[in-house]
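Shown next: model_39.txt, containing compact mmCIF, N, CA and C atoms.
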# COMPACT_ATOMS: atom_id res chain seq x y z
N LYS A 12 -10.80 -78.54 -27.17
CA LYS A 12 -9.87 -79.66 -27.41
C LYS A 12 -9.33 -80.18 -26.08
N MET A 13 -9.37 -81.48 -25.94
CA MET A 13 -8.96 -82.07 -24.68
C MET A 13 -7.46 -81.94 -24.47
N VAL A 14 -7.09 -81.52 -23.28
CA VAL A 14 -5.68 -81.47 -22.93
C VAL A 14 -5.22 -82.90 -22.69
N LYS A 15 -4.15 -83.28 -23.35
CA LYS A 15 -3.66 -84.65 -23.17
C LYS A 15 -3.05 -84.82 -21.79
N LYS A 16 -3.34 -85.96 -21.21
CA LYS A 16 -2.85 -86.25 -19.87
C LYS A 16 -2.19 -87.63 -19.86
N ILE A 17 -1.57 -87.91 -18.74
CA ILE A 17 -1.00 -89.23 -18.52
C ILE A 17 -1.74 -89.86 -17.35
N LYS A 18 -2.17 -91.11 -17.57
CA LYS A 18 -2.78 -91.87 -16.48
C LYS A 18 -1.65 -92.65 -15.83
N LEU A 19 -1.29 -92.22 -14.61
CA LEU A 19 -0.17 -92.83 -13.92
C LEU A 19 -0.64 -93.74 -12.80
N LYS A 20 -0.17 -94.98 -12.85
CA LYS A 20 -0.49 -95.95 -11.80
C LYS A 20 0.80 -96.49 -11.24
N ILE A 21 0.94 -96.42 -9.92
CA ILE A 21 2.11 -97.00 -9.27
C ILE A 21 1.63 -98.06 -8.28
N ILE A 22 2.07 -99.29 -8.53
CA ILE A 22 1.60 -100.42 -7.74
C ILE A 22 2.79 -101.17 -7.14
N THR A 23 2.67 -101.55 -5.87
CA THR A 23 3.66 -102.43 -5.25
C THR A 23 2.95 -103.72 -4.87
N PRO A 24 3.71 -104.74 -4.43
CA PRO A 24 3.03 -105.96 -4.00
C PRO A 24 2.03 -105.71 -2.87
N ASP A 25 2.24 -104.64 -2.09
CA ASP A 25 1.37 -104.38 -0.94
C ASP A 25 0.23 -103.41 -1.21
N ALA A 26 0.40 -102.52 -2.18
CA ALA A 26 -0.57 -101.43 -2.27
C ALA A 26 -0.61 -100.75 -3.64
N LEU A 27 -1.72 -100.06 -3.87
CA LEU A 27 -1.80 -99.12 -4.98
C LEU A 27 -1.33 -97.80 -4.40
N VAL A 28 -0.15 -97.34 -4.83
CA VAL A 28 0.48 -96.16 -4.23
C VAL A 28 -0.05 -94.87 -4.86
N LEU A 29 -0.33 -94.93 -6.17
CA LEU A 29 -0.83 -93.75 -6.86
C LEU A 29 -1.66 -94.17 -8.06
N ASP A 30 -2.76 -93.48 -8.28
CA ASP A 30 -3.58 -93.71 -9.47
C ASP A 30 -4.16 -92.35 -9.81
N GLU A 31 -3.55 -91.66 -10.77
CA GLU A 31 -3.88 -90.26 -10.97
C GLU A 31 -3.60 -89.81 -12.39
N LEU A 32 -4.32 -88.77 -12.82
CA LEU A 32 -4.00 -88.13 -14.09
C LEU A 32 -2.93 -87.08 -13.83
N VAL A 33 -1.83 -87.17 -14.56
CA VAL A 33 -0.73 -86.23 -14.35
C VAL A 33 -0.34 -85.59 -15.68
N ASP A 34 0.40 -84.48 -15.59
CA ASP A 34 0.82 -83.78 -16.81
C ASP A 34 2.11 -84.37 -17.39
N GLN A 35 2.99 -84.81 -16.51
CA GLN A 35 4.21 -85.47 -16.94
C GLN A 35 4.78 -86.25 -15.77
N VAL A 36 5.70 -87.16 -16.08
CA VAL A 36 6.33 -87.93 -15.01
C VAL A 36 7.77 -88.27 -15.39
N SER A 37 8.68 -88.07 -14.41
CA SER A 37 10.07 -88.45 -14.61
C SER A 37 10.37 -89.65 -13.72
N LEU A 38 11.16 -90.57 -14.25
CA LEU A 38 11.46 -91.74 -13.45
C LEU A 38 12.86 -92.28 -13.73
N PRO A 39 13.42 -92.96 -12.73
CA PRO A 39 14.78 -93.48 -12.87
C PRO A 39 14.78 -94.86 -13.53
N THR A 40 15.50 -94.98 -14.65
CA THR A 40 15.64 -96.29 -15.29
C THR A 40 17.10 -96.70 -15.24
N LYS A 41 17.35 -97.95 -15.62
CA LYS A 41 18.73 -98.45 -15.62
C LYS A 41 19.63 -97.60 -16.54
N ASN A 42 19.02 -96.95 -17.55
CA ASN A 42 19.80 -96.12 -18.48
C ASN A 42 19.73 -94.64 -18.17
N GLY A 43 19.38 -94.30 -16.93
CA GLY A 43 19.27 -92.89 -16.55
C GLY A 43 17.83 -92.45 -16.44
N GLU A 44 17.64 -91.20 -16.09
CA GLU A 44 16.29 -90.69 -15.87
C GLU A 44 15.58 -90.39 -17.19
N ILE A 45 14.31 -90.75 -17.28
CA ILE A 45 13.52 -90.36 -18.46
C ILE A 45 12.30 -89.56 -18.02
N THR A 46 11.90 -88.63 -18.87
CA THR A 46 10.69 -87.86 -18.61
C THR A 46 9.66 -88.24 -19.66
N ILE A 47 8.47 -88.57 -19.17
CA ILE A 47 7.40 -89.02 -20.05
C ILE A 47 6.36 -87.92 -20.17
N LEU A 48 6.08 -87.54 -21.41
CA LEU A 48 5.04 -86.56 -21.70
C LEU A 48 3.91 -87.29 -22.41
N PRO A 49 2.71 -86.69 -22.44
CA PRO A 49 1.61 -87.34 -23.18
C PRO A 49 2.04 -87.66 -24.61
N GLY A 50 1.68 -88.86 -25.07
CA GLY A 50 2.03 -89.26 -26.43
C GLY A 50 3.39 -89.93 -26.54
N HIS A 51 4.01 -90.23 -25.42
CA HIS A 51 5.31 -90.91 -25.41
C HIS A 51 5.22 -92.25 -26.14
N ILE A 52 6.30 -92.64 -26.79
CA ILE A 52 6.29 -93.93 -27.48
C ILE A 52 6.10 -95.07 -26.49
N PRO A 53 5.42 -96.14 -26.92
CA PRO A 53 5.26 -97.30 -26.05
C PRO A 53 6.63 -97.85 -25.65
N LEU A 54 6.72 -98.31 -24.41
CA LEU A 54 8.02 -98.70 -23.87
C LEU A 54 7.82 -99.59 -22.66
N ILE A 55 8.71 -100.57 -22.52
CA ILE A 55 8.79 -101.33 -21.26
C ILE A 55 10.25 -101.30 -20.84
N THR A 56 10.51 -100.86 -19.62
CA THR A 56 11.90 -100.79 -19.17
C THR A 56 12.00 -101.00 -17.67
N ASP A 57 13.19 -101.38 -17.22
CA ASP A 57 13.44 -101.62 -15.79
C ASP A 57 13.62 -100.30 -15.06
N LEU A 58 13.15 -100.26 -13.82
CA LEU A 58 13.36 -99.10 -12.97
C LEU A 58 14.62 -99.33 -12.13
N SER A 59 15.27 -98.23 -11.78
CA SER A 59 16.31 -98.35 -10.76
C SER A 59 15.85 -97.55 -9.55
N SER A 60 16.67 -97.49 -8.52
CA SER A 60 16.27 -96.79 -7.30
C SER A 60 16.35 -95.29 -7.47
N GLY A 61 15.44 -94.58 -6.83
CA GLY A 61 15.44 -93.13 -6.91
C GLY A 61 14.07 -92.57 -6.64
N ASP A 62 13.69 -91.54 -7.40
CA ASP A 62 12.34 -90.99 -7.20
C ASP A 62 11.59 -90.86 -8.51
N ILE A 63 10.31 -91.21 -8.42
CA ILE A 63 9.37 -90.98 -9.51
C ILE A 63 8.74 -89.63 -9.19
N VAL A 64 8.85 -88.68 -10.12
CA VAL A 64 8.33 -87.35 -9.86
C VAL A 64 7.31 -86.98 -10.93
N SER A 65 6.05 -86.89 -10.52
CA SER A 65 5.05 -86.45 -11.48
C SER A 65 4.69 -85.00 -11.22
N LEU A 66 4.18 -84.37 -12.26
CA LEU A 66 3.77 -82.97 -12.19
C LEU A 66 2.26 -82.94 -12.36
N VAL A 67 1.57 -82.39 -11.36
CA VAL A 67 0.12 -82.29 -11.38
C VAL A 67 -0.26 -80.85 -11.05
N ASN A 68 -0.89 -80.17 -12.00
CA ASN A 68 -1.25 -78.76 -11.79
C ASN A 68 -0.09 -77.94 -11.21
N ASN A 69 1.06 -78.05 -11.85
CA ASN A 69 2.27 -77.31 -11.43
C ASN A 69 2.78 -77.67 -10.04
N GLU A 70 2.36 -78.80 -9.50
CA GLU A 70 2.91 -79.25 -8.22
C GLU A 70 3.63 -80.57 -8.43
N TYR A 71 4.77 -80.71 -7.77
CA TYR A 71 5.51 -81.97 -7.84
C TYR A 71 4.93 -82.99 -6.88
N VAL A 72 4.85 -84.23 -7.34
CA VAL A 72 4.43 -85.33 -6.48
C VAL A 72 5.54 -86.38 -6.51
N PRO A 73 6.47 -86.32 -5.54
CA PRO A 73 7.61 -87.24 -5.55
C PRO A 73 7.34 -88.52 -4.75
N ILE A 74 7.80 -89.63 -5.32
CA ILE A 74 7.62 -90.93 -4.68
C ILE A 74 8.94 -91.69 -4.75
N ALA A 75 9.43 -92.12 -3.60
CA ALA A 75 10.65 -92.92 -3.56
C ALA A 75 10.35 -94.30 -4.13
N VAL A 76 11.28 -94.83 -4.93
CA VAL A 76 11.04 -96.12 -5.57
C VAL A 76 12.30 -96.97 -5.56
N VAL A 77 12.10 -98.28 -5.39
CA VAL A 77 13.21 -99.23 -5.48
C VAL A 77 12.75 -100.42 -6.31
N GLY A 78 13.42 -100.62 -7.44
CA GLY A 78 13.18 -101.82 -8.24
C GLY A 78 11.83 -101.89 -8.93
N GLY A 79 11.75 -102.75 -9.94
CA GLY A 79 10.50 -102.93 -10.66
C GLY A 79 10.64 -102.53 -12.12
N PHE A 80 9.50 -102.33 -12.77
CA PHE A 80 9.54 -101.91 -14.16
C PHE A 80 8.37 -101.01 -14.50
N VAL A 81 8.49 -100.35 -15.65
CA VAL A 81 7.44 -99.43 -16.10
C VAL A 81 6.99 -99.85 -17.49
N GLU A 82 5.70 -99.73 -17.73
CA GLU A 82 5.15 -99.96 -19.07
C GLU A 82 4.41 -98.70 -19.51
N ILE A 83 4.74 -98.22 -20.71
CA ILE A 83 4.08 -97.04 -21.26
C ILE A 83 3.29 -97.46 -22.50
N LYS A 84 2.01 -97.10 -22.53
CA LYS A 84 1.23 -97.36 -23.75
C LYS A 84 0.24 -96.24 -24.00
N ASN A 85 -0.18 -96.12 -25.25
CA ASN A 85 -1.11 -95.07 -25.64
C ASN A 85 -2.46 -95.64 -26.01
N ASN A 86 -3.52 -95.10 -25.42
CA ASN A 86 -4.90 -95.47 -25.76
C ASN A 86 -5.65 -94.20 -26.09
N ASP A 87 -6.11 -94.06 -27.33
CA ASP A 87 -6.84 -92.86 -27.73
C ASP A 87 -6.10 -91.59 -27.32
N ASN A 88 -6.72 -90.80 -26.46
CA ASN A 88 -6.12 -89.53 -26.07
C ASN A 88 -5.31 -89.62 -24.79
N LEU A 89 -5.12 -90.84 -24.32
CA LEU A 89 -4.50 -91.02 -23.01
C LEU A 89 -3.22 -91.83 -23.13
N THR A 90 -2.17 -91.35 -22.48
CA THR A 90 -0.95 -92.14 -22.35
C THR A 90 -1.02 -92.80 -20.98
N GLU A 91 -0.86 -94.12 -20.98
CA GLU A 91 -0.92 -94.85 -19.71
C GLU A 91 0.47 -95.28 -19.29
N VAL A 92 0.81 -94.92 -18.04
CA VAL A 92 2.10 -95.32 -17.48
C VAL A 92 1.82 -96.19 -16.26
N ALA A 93 2.16 -97.45 -16.38
CA ALA A 93 1.95 -98.39 -15.27
C ALA A 93 3.31 -98.76 -14.69
N ILE A 94 3.47 -98.48 -13.41
CA ILE A 94 4.72 -98.79 -12.73
C ILE A 94 4.47 -99.89 -11.71
N LEU A 95 5.17 -101.01 -11.89
CA LEU A 95 5.10 -102.10 -10.93
C LEU A 95 6.42 -102.07 -10.17
N ALA A 96 6.38 -101.60 -8.95
CA ALA A 96 7.60 -101.40 -8.18
C ALA A 96 7.70 -102.41 -7.05
N ASP A 97 8.93 -102.78 -6.71
CA ASP A 97 9.13 -103.65 -5.56
C ASP A 97 8.79 -102.90 -4.28
N PHE A 98 9.09 -101.59 -4.31
CA PHE A 98 8.86 -100.73 -3.15
C PHE A 98 8.62 -99.31 -3.65
N ALA A 99 7.60 -98.65 -3.13
CA ALA A 99 7.35 -97.26 -3.50
C ALA A 99 6.63 -96.57 -2.35
N GLU A 100 6.99 -95.32 -2.12
CA GLU A 100 6.46 -94.63 -0.94
C GLU A 100 6.46 -93.11 -1.17
N HIS A 101 5.35 -92.48 -0.83
CA HIS A 101 5.27 -91.01 -0.93
C HIS A 101 6.30 -90.37 -0.01
N ILE A 102 7.00 -89.36 -0.53
CA ILE A 102 8.01 -88.65 0.27
C ILE A 102 7.36 -88.05 1.53
N ALA A 103 6.12 -87.61 1.39
CA ALA A 103 5.42 -87.00 2.53
C ALA A 103 5.31 -87.95 3.72
N ASN A 104 5.38 -89.25 3.45
CA ASN A 104 5.31 -90.23 4.55
C ASN A 104 6.63 -90.38 5.30
N LEU A 105 7.69 -89.82 4.72
CA LEU A 105 9.01 -90.02 5.31
C LEU A 105 9.30 -88.94 6.35
N SER A 106 8.86 -89.18 7.56
CA SER A 106 9.09 -88.23 8.65
C SER A 106 10.56 -88.28 9.07
N GLU A 107 10.98 -87.26 9.83
CA GLU A 107 12.35 -87.23 10.36
C GLU A 107 12.64 -88.52 11.13
N GLU A 108 11.63 -88.95 11.87
CA GLU A 108 11.75 -90.16 12.70
C GLU A 108 12.08 -91.38 11.82
N ILE A 109 11.32 -91.55 10.75
CA ILE A 109 11.51 -92.68 9.84
C ILE A 109 12.90 -92.62 9.21
N ILE A 110 13.32 -91.41 8.84
CA ILE A 110 14.62 -91.23 8.22
C ILE A 110 15.75 -91.58 9.18
N LYS A 111 15.58 -91.15 10.44
CA LYS A 111 16.58 -91.47 11.46
C LYS A 111 16.70 -92.99 11.61
N GLU A 112 15.55 -93.65 11.67
CA GLU A 112 15.54 -95.10 11.78
C GLU A 112 16.18 -95.76 10.57
N ALA A 113 15.88 -95.22 9.39
CA ALA A 113 16.43 -95.79 8.16
C ALA A 113 17.95 -95.68 8.14
N LYS A 114 18.47 -94.55 8.65
CA LYS A 114 19.93 -94.37 8.70
C LYS A 114 20.56 -95.40 9.62
N ILE A 115 19.97 -95.57 10.81
CA ILE A 115 20.48 -96.54 11.78
C ILE A 115 20.38 -97.96 11.19
N HIS A 116 19.24 -98.24 10.60
CA HIS A 116 18.99 -99.55 9.99
C HIS A 116 20.03 -99.84 8.90
N SER A 117 20.34 -98.83 8.09
CA SER A 117 21.34 -98.99 7.03
C SER A 117 22.69 -99.41 7.61
N GLU A 118 23.09 -98.73 8.68
CA GLU A 118 24.37 -99.04 9.32
C GLU A 118 24.38 -100.47 9.84
N GLU A 119 23.28 -100.88 10.47
CA GLU A 119 23.18 -102.25 11.00
C GLU A 119 23.26 -103.27 9.88
N LEU A 120 22.56 -102.98 8.78
CA LEU A 120 22.55 -103.90 7.64
C LEU A 120 23.94 -104.03 7.03
N LYS A 121 24.65 -102.89 6.93
CA LYS A 121 26.01 -102.93 6.38
C LYS A 121 26.90 -103.85 7.23
N LYS A 122 26.76 -103.74 8.56
CA LYS A 122 27.55 -104.59 9.46
C LYS A 122 27.21 -106.07 9.23
N GLU A 123 25.92 -106.35 9.13
CA GLU A 123 25.46 -107.73 8.89
C GLU A 123 26.09 -108.27 7.60
N ILE A 124 26.02 -107.44 6.54
CA ILE A 124 26.53 -107.87 5.24
C ILE A 124 28.04 -108.08 5.31
N ASP A 125 28.73 -107.22 6.08
CA ASP A 125 30.18 -107.33 6.22
C ASP A 125 30.61 -108.62 6.92
N LYS A 126 29.75 -109.13 7.79
CA LYS A 126 30.09 -110.37 8.52
C LYS A 126 30.32 -111.53 7.55
N LYS A 127 29.66 -111.46 6.41
CA LYS A 127 29.83 -112.46 5.34
C LYS A 127 29.65 -113.90 5.83
N GLU A 128 28.87 -114.08 6.86
CA GLU A 128 28.56 -115.45 7.24
C GLU A 128 27.50 -115.96 6.27
N LYS A 129 26.98 -117.15 6.54
CA LYS A 129 25.96 -117.66 5.64
C LYS A 129 24.64 -116.97 5.94
N ILE A 130 24.58 -115.71 5.52
CA ILE A 130 23.39 -114.92 5.80
C ILE A 130 22.57 -114.79 4.53
N ASP A 131 21.38 -114.32 4.70
CA ASP A 131 20.50 -114.09 3.56
C ASP A 131 20.95 -112.80 2.87
N PHE A 132 22.02 -112.92 2.10
CA PHE A 132 22.66 -111.74 1.50
C PHE A 132 21.69 -110.94 0.62
N GLU A 133 20.94 -111.67 -0.19
CA GLU A 133 20.04 -110.98 -1.13
C GLU A 133 18.98 -110.17 -0.40
N ARG A 134 18.39 -110.78 0.61
CA ARG A 134 17.34 -110.09 1.37
C ARG A 134 17.91 -108.85 2.05
N LEU A 135 19.10 -109.01 2.64
CA LEU A 135 19.73 -107.88 3.34
C LEU A 135 20.07 -106.75 2.38
N SER A 136 20.58 -107.08 1.19
CA SER A 136 20.97 -106.01 0.27
C SER A 136 19.73 -105.30 -0.29
N ILE A 137 18.63 -106.04 -0.46
CA ILE A 137 17.37 -105.40 -0.88
C ILE A 137 16.90 -104.43 0.21
N GLU A 138 16.97 -104.89 1.44
CA GLU A 138 16.55 -104.06 2.57
C GLU A 138 17.43 -102.82 2.69
N LEU A 139 18.73 -103.02 2.48
CA LEU A 139 19.69 -101.91 2.56
C LEU A 139 19.37 -100.88 1.48
N GLU A 140 19.13 -101.39 0.27
CA GLU A 140 18.79 -100.50 -0.86
C GLU A 140 17.56 -99.64 -0.54
N ARG A 141 16.56 -100.24 0.08
CA ARG A 141 15.36 -99.50 0.47
C ARG A 141 15.68 -98.41 1.48
N SER A 142 16.44 -98.77 2.51
CA SER A 142 16.77 -97.80 3.55
C SER A 142 17.60 -96.65 2.99
N LEU A 143 18.61 -96.98 2.19
CA LEU A 143 19.47 -95.95 1.61
C LEU A 143 18.69 -95.03 0.68
N THR A 144 17.77 -95.62 -0.10
CA THR A 144 16.96 -94.82 -1.03
C THR A 144 16.04 -93.88 -0.26
N ARG A 145 15.42 -94.39 0.80
CA ARG A 145 14.56 -93.54 1.64
C ARG A 145 15.32 -92.33 2.14
N VAL A 146 16.52 -92.56 2.65
CA VAL A 146 17.35 -91.49 3.21
C VAL A 146 17.73 -90.49 2.11
N LYS A 147 18.23 -91.02 1.00
CA LYS A 147 18.71 -90.17 -0.09
C LYS A 147 17.59 -89.30 -0.67
N ILE A 148 16.44 -89.91 -0.92
CA ILE A 148 15.34 -89.19 -1.56
C ILE A 148 14.69 -88.21 -0.58
N ALA A 149 14.59 -88.59 0.68
CA ALA A 149 14.06 -87.66 1.68
C ALA A 149 14.96 -86.43 1.78
N ASP A 150 16.29 -86.67 1.77
CA ASP A 150 17.25 -85.57 1.81
C ASP A 150 17.08 -84.66 0.59
N LYS A 151 16.93 -85.27 -0.56
CA LYS A 151 16.80 -84.52 -1.81
C LYS A 151 15.61 -83.57 -1.78
N TRP A 152 14.51 -84.03 -1.19
CA TRP A 152 13.26 -83.24 -1.21
C TRP A 152 13.04 -82.39 0.04
N ARG A 153 13.95 -82.52 1.01
CA ARG A 153 13.76 -81.82 2.29
C ARG A 153 13.51 -80.32 2.10
N THR A 154 14.26 -79.68 1.19
CA THR A 154 14.17 -78.23 1.05
C THR A 154 13.34 -77.82 -0.17
N LYS A 155 12.74 -78.80 -0.86
CA LYS A 155 11.97 -78.46 -2.05
C LYS A 155 10.48 -78.42 -1.76
N LYS A 156 9.77 -77.71 -2.63
CA LYS A 156 8.30 -77.66 -2.49
C LYS A 156 7.68 -78.82 -3.26
N TYR A 157 6.72 -79.46 -2.62
CA TYR A 157 6.00 -80.52 -3.29
C TYR A 157 4.64 -80.72 -2.65
N ARG A 158 3.78 -81.41 -3.38
CA ARG A 158 2.45 -81.67 -2.85
C ARG A 158 2.52 -82.74 -1.78
N LYS A 159 1.97 -82.43 -0.61
CA LYS A 159 2.09 -83.37 0.51
C LYS A 159 1.22 -84.60 0.31
N PHE A 160 -0.02 -84.40 -0.13
CA PHE A 160 -0.86 -85.59 -0.39
C PHE A 160 -1.84 -85.35 -1.53

Produce structure tokens that represent the structure in this file.
Amino acid sequence: KMVKKIKLKIITPDALVLDELVDQVSLPTKNGEITILPGHIPLITDLSSGDIVSLVNNEYVPIAVVGGFVEIKNNDNLTEVAILADFAEHIANLSEEIIKEAKIHSEELKKEIDKKEKIDFERLSIELERSLTRVKIADKWRTKKYRKF
């Protein structure tokens, strides 16, 4: 008997970040975190910032995510989870160097936003959200075990 799996696809405007069969996946939605197991009810919902964490052969695969939405559907023996994210990045890519830069960048962005001149507020706050999420999620996973690639 076939073990049911989830076909997980994570796509951003720039790249296909993940395309893999996974055992389960947890993700941040506007209404809190949800965990999707094979056979989950069909669903379309908005993502919030945080981490998408899938489980593959007892290993965690964490991906930082900001914005977008998820669609869950069932086809035969397969549950398909398609995530269209504004930004998504493997935690393994977040080196200490990148995190340091993200922290500095966040501070600079906050200052820019505080100036409240006629600036591109929306673009800056999106950028800030990305930097803050990178820092927060990298911190969260710093001491945990996960699959690097």

Subject >> Residue neighbourhood stretch 145-148 of chain A, 8 Å, all atoms listed in the file, exclusion window fewer than 4 positions, as a count of residues only >> reply: 17

Original post:
Using only C-alpha atoms, which of the listed residues (A:Ile83, A:Leu95, A:Ser142, A:Lys156) sits closest to A:Glu112?
Top reply: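 Using only C-alpha atoms, A:Glu112 sits closest to A:Ser142.
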
Quick one: residues within 8 Å of A:Ile17, only C-alpha atoms counted, chain neighbours fewer than 4 positions away excluded, as a tab-separated table (two decimals) with N, CA and C atoms, in the coordinates of the input?
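Below you can see out_17.tsv, which holds the result:
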chain	number	residue	atom	x	y	z
A	32	LEU	N	-4.32	-88.77	-12.82
A	32	LEU	CA	-4.00	-88.13	-14.09
A	32	LEU	C	-2.93	-87.08	-13.83
A	33	VAL	N	-1.83	-87.17	-14.56
A	33	VAL	CA	-0.73	-86.23	-14.35
A	33	VAL	C	-0.34	-85.59	-15.68
A	34	ASP	N	0.40	-84.48	-15.59
A	34	ASP	CA	0.82	-83.78	-16.81
A	34	ASP	C	2.11	-84.37	-17.39
A	35	GLN	N	2.99	-84.81	-16.51
A	35	GLN	CA	4.21	-85.47	-16.94
A	35	GLN	C	4.78	-86.25	-15.77
A	48	LEU	N	6.08	-87.54	-21.41
A	48	LEU	CA	5.04	-86.56	-21.70
A	48	LEU	C	3.91	-87.29	-22.41
A	49	PRO	N	2.71	-86.69	-22.44
A	49	PRO	CA	1.61	-87.34	-23.18
A	49	PRO	C	2.04	-87.66	-24.61
A	89	LEU	N	-5.12	-90.84	-24.32
A	89	LEU	CA	-4.50	-91.02	-23.01
A	89	LEU	C	-3.22	-91.83	-23.13
A	90	THR	N	-2.17	-91.35	-22.48
A	90	THR	CA	-0.95	-92.14	-22.35
A	90	THR	C	-1.02	-92.80	-20.98
A	91	GLU	N	-0.86	-94.12	-20.98
A	91	GLU	CA	-0.92	-94.85	-19.71
A	91	GLU	C	0.47	-95.28	-19.29
A	92	VAL	N	0.81	-94.92	-18.04
A	92	VAL	CA	2.10	-95.32	-17.48
A	92	VAL	C	1.82	-96.19	-16.26

**OP:** as JSON, numbers by chain, list the residues of stretch 26-160 of chain A assigned to strand (DSSP E) by DSSP on the backbone atoms of this structure.
**Re:** {"A": [27, 28, 29, 30, 31, 32, 33, 35, 36, 37, 38, 39, 40, 43, 44, 45, 46, 47, 54, 55, 56, 57, 61, 62, 63, 64, 65, 66, 67, 70, 71, 72, 73, 74, 75, 76, 77, 78, 79, 80, 81, 82, 83, 84, 85, 86, 89, 90, 91, 92, 93, 94, 95, 96, 97, 98, 99, 100, 101]}

Original post:
Counting only N, CA and C atoms, which of A:Ile47, A:Ala26, A:Ile137, A:Ala103 gets nearest to A:Ala149?
Top reply: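 Looking only at the distances to A:Ala149, the closest residue turns out to be A:Ala103.
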
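Picture a line from atom CA of A:Val64 to atom CA of A:Ser37; it runs 5.2 Å.
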
Original post:
Quick one: of A:Asn88, A:Thr23, A:Ser136, A:Thr154, who's nearest to A:His51, counting only C-alpha atoms?
Top reply: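 For A:His51, the nearest of the candidates is A:Asn88.
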
Subject >> Sel. of helix (DSSP H, G or I) residues, stretch 62-147 of chain A, as a ChimeraX atom specification >> reply: /A:102-104,107-126,132-147

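Counting from atom CA of A:Gly50, the distance to atom C of A:Ala96 is 24.1 Å.
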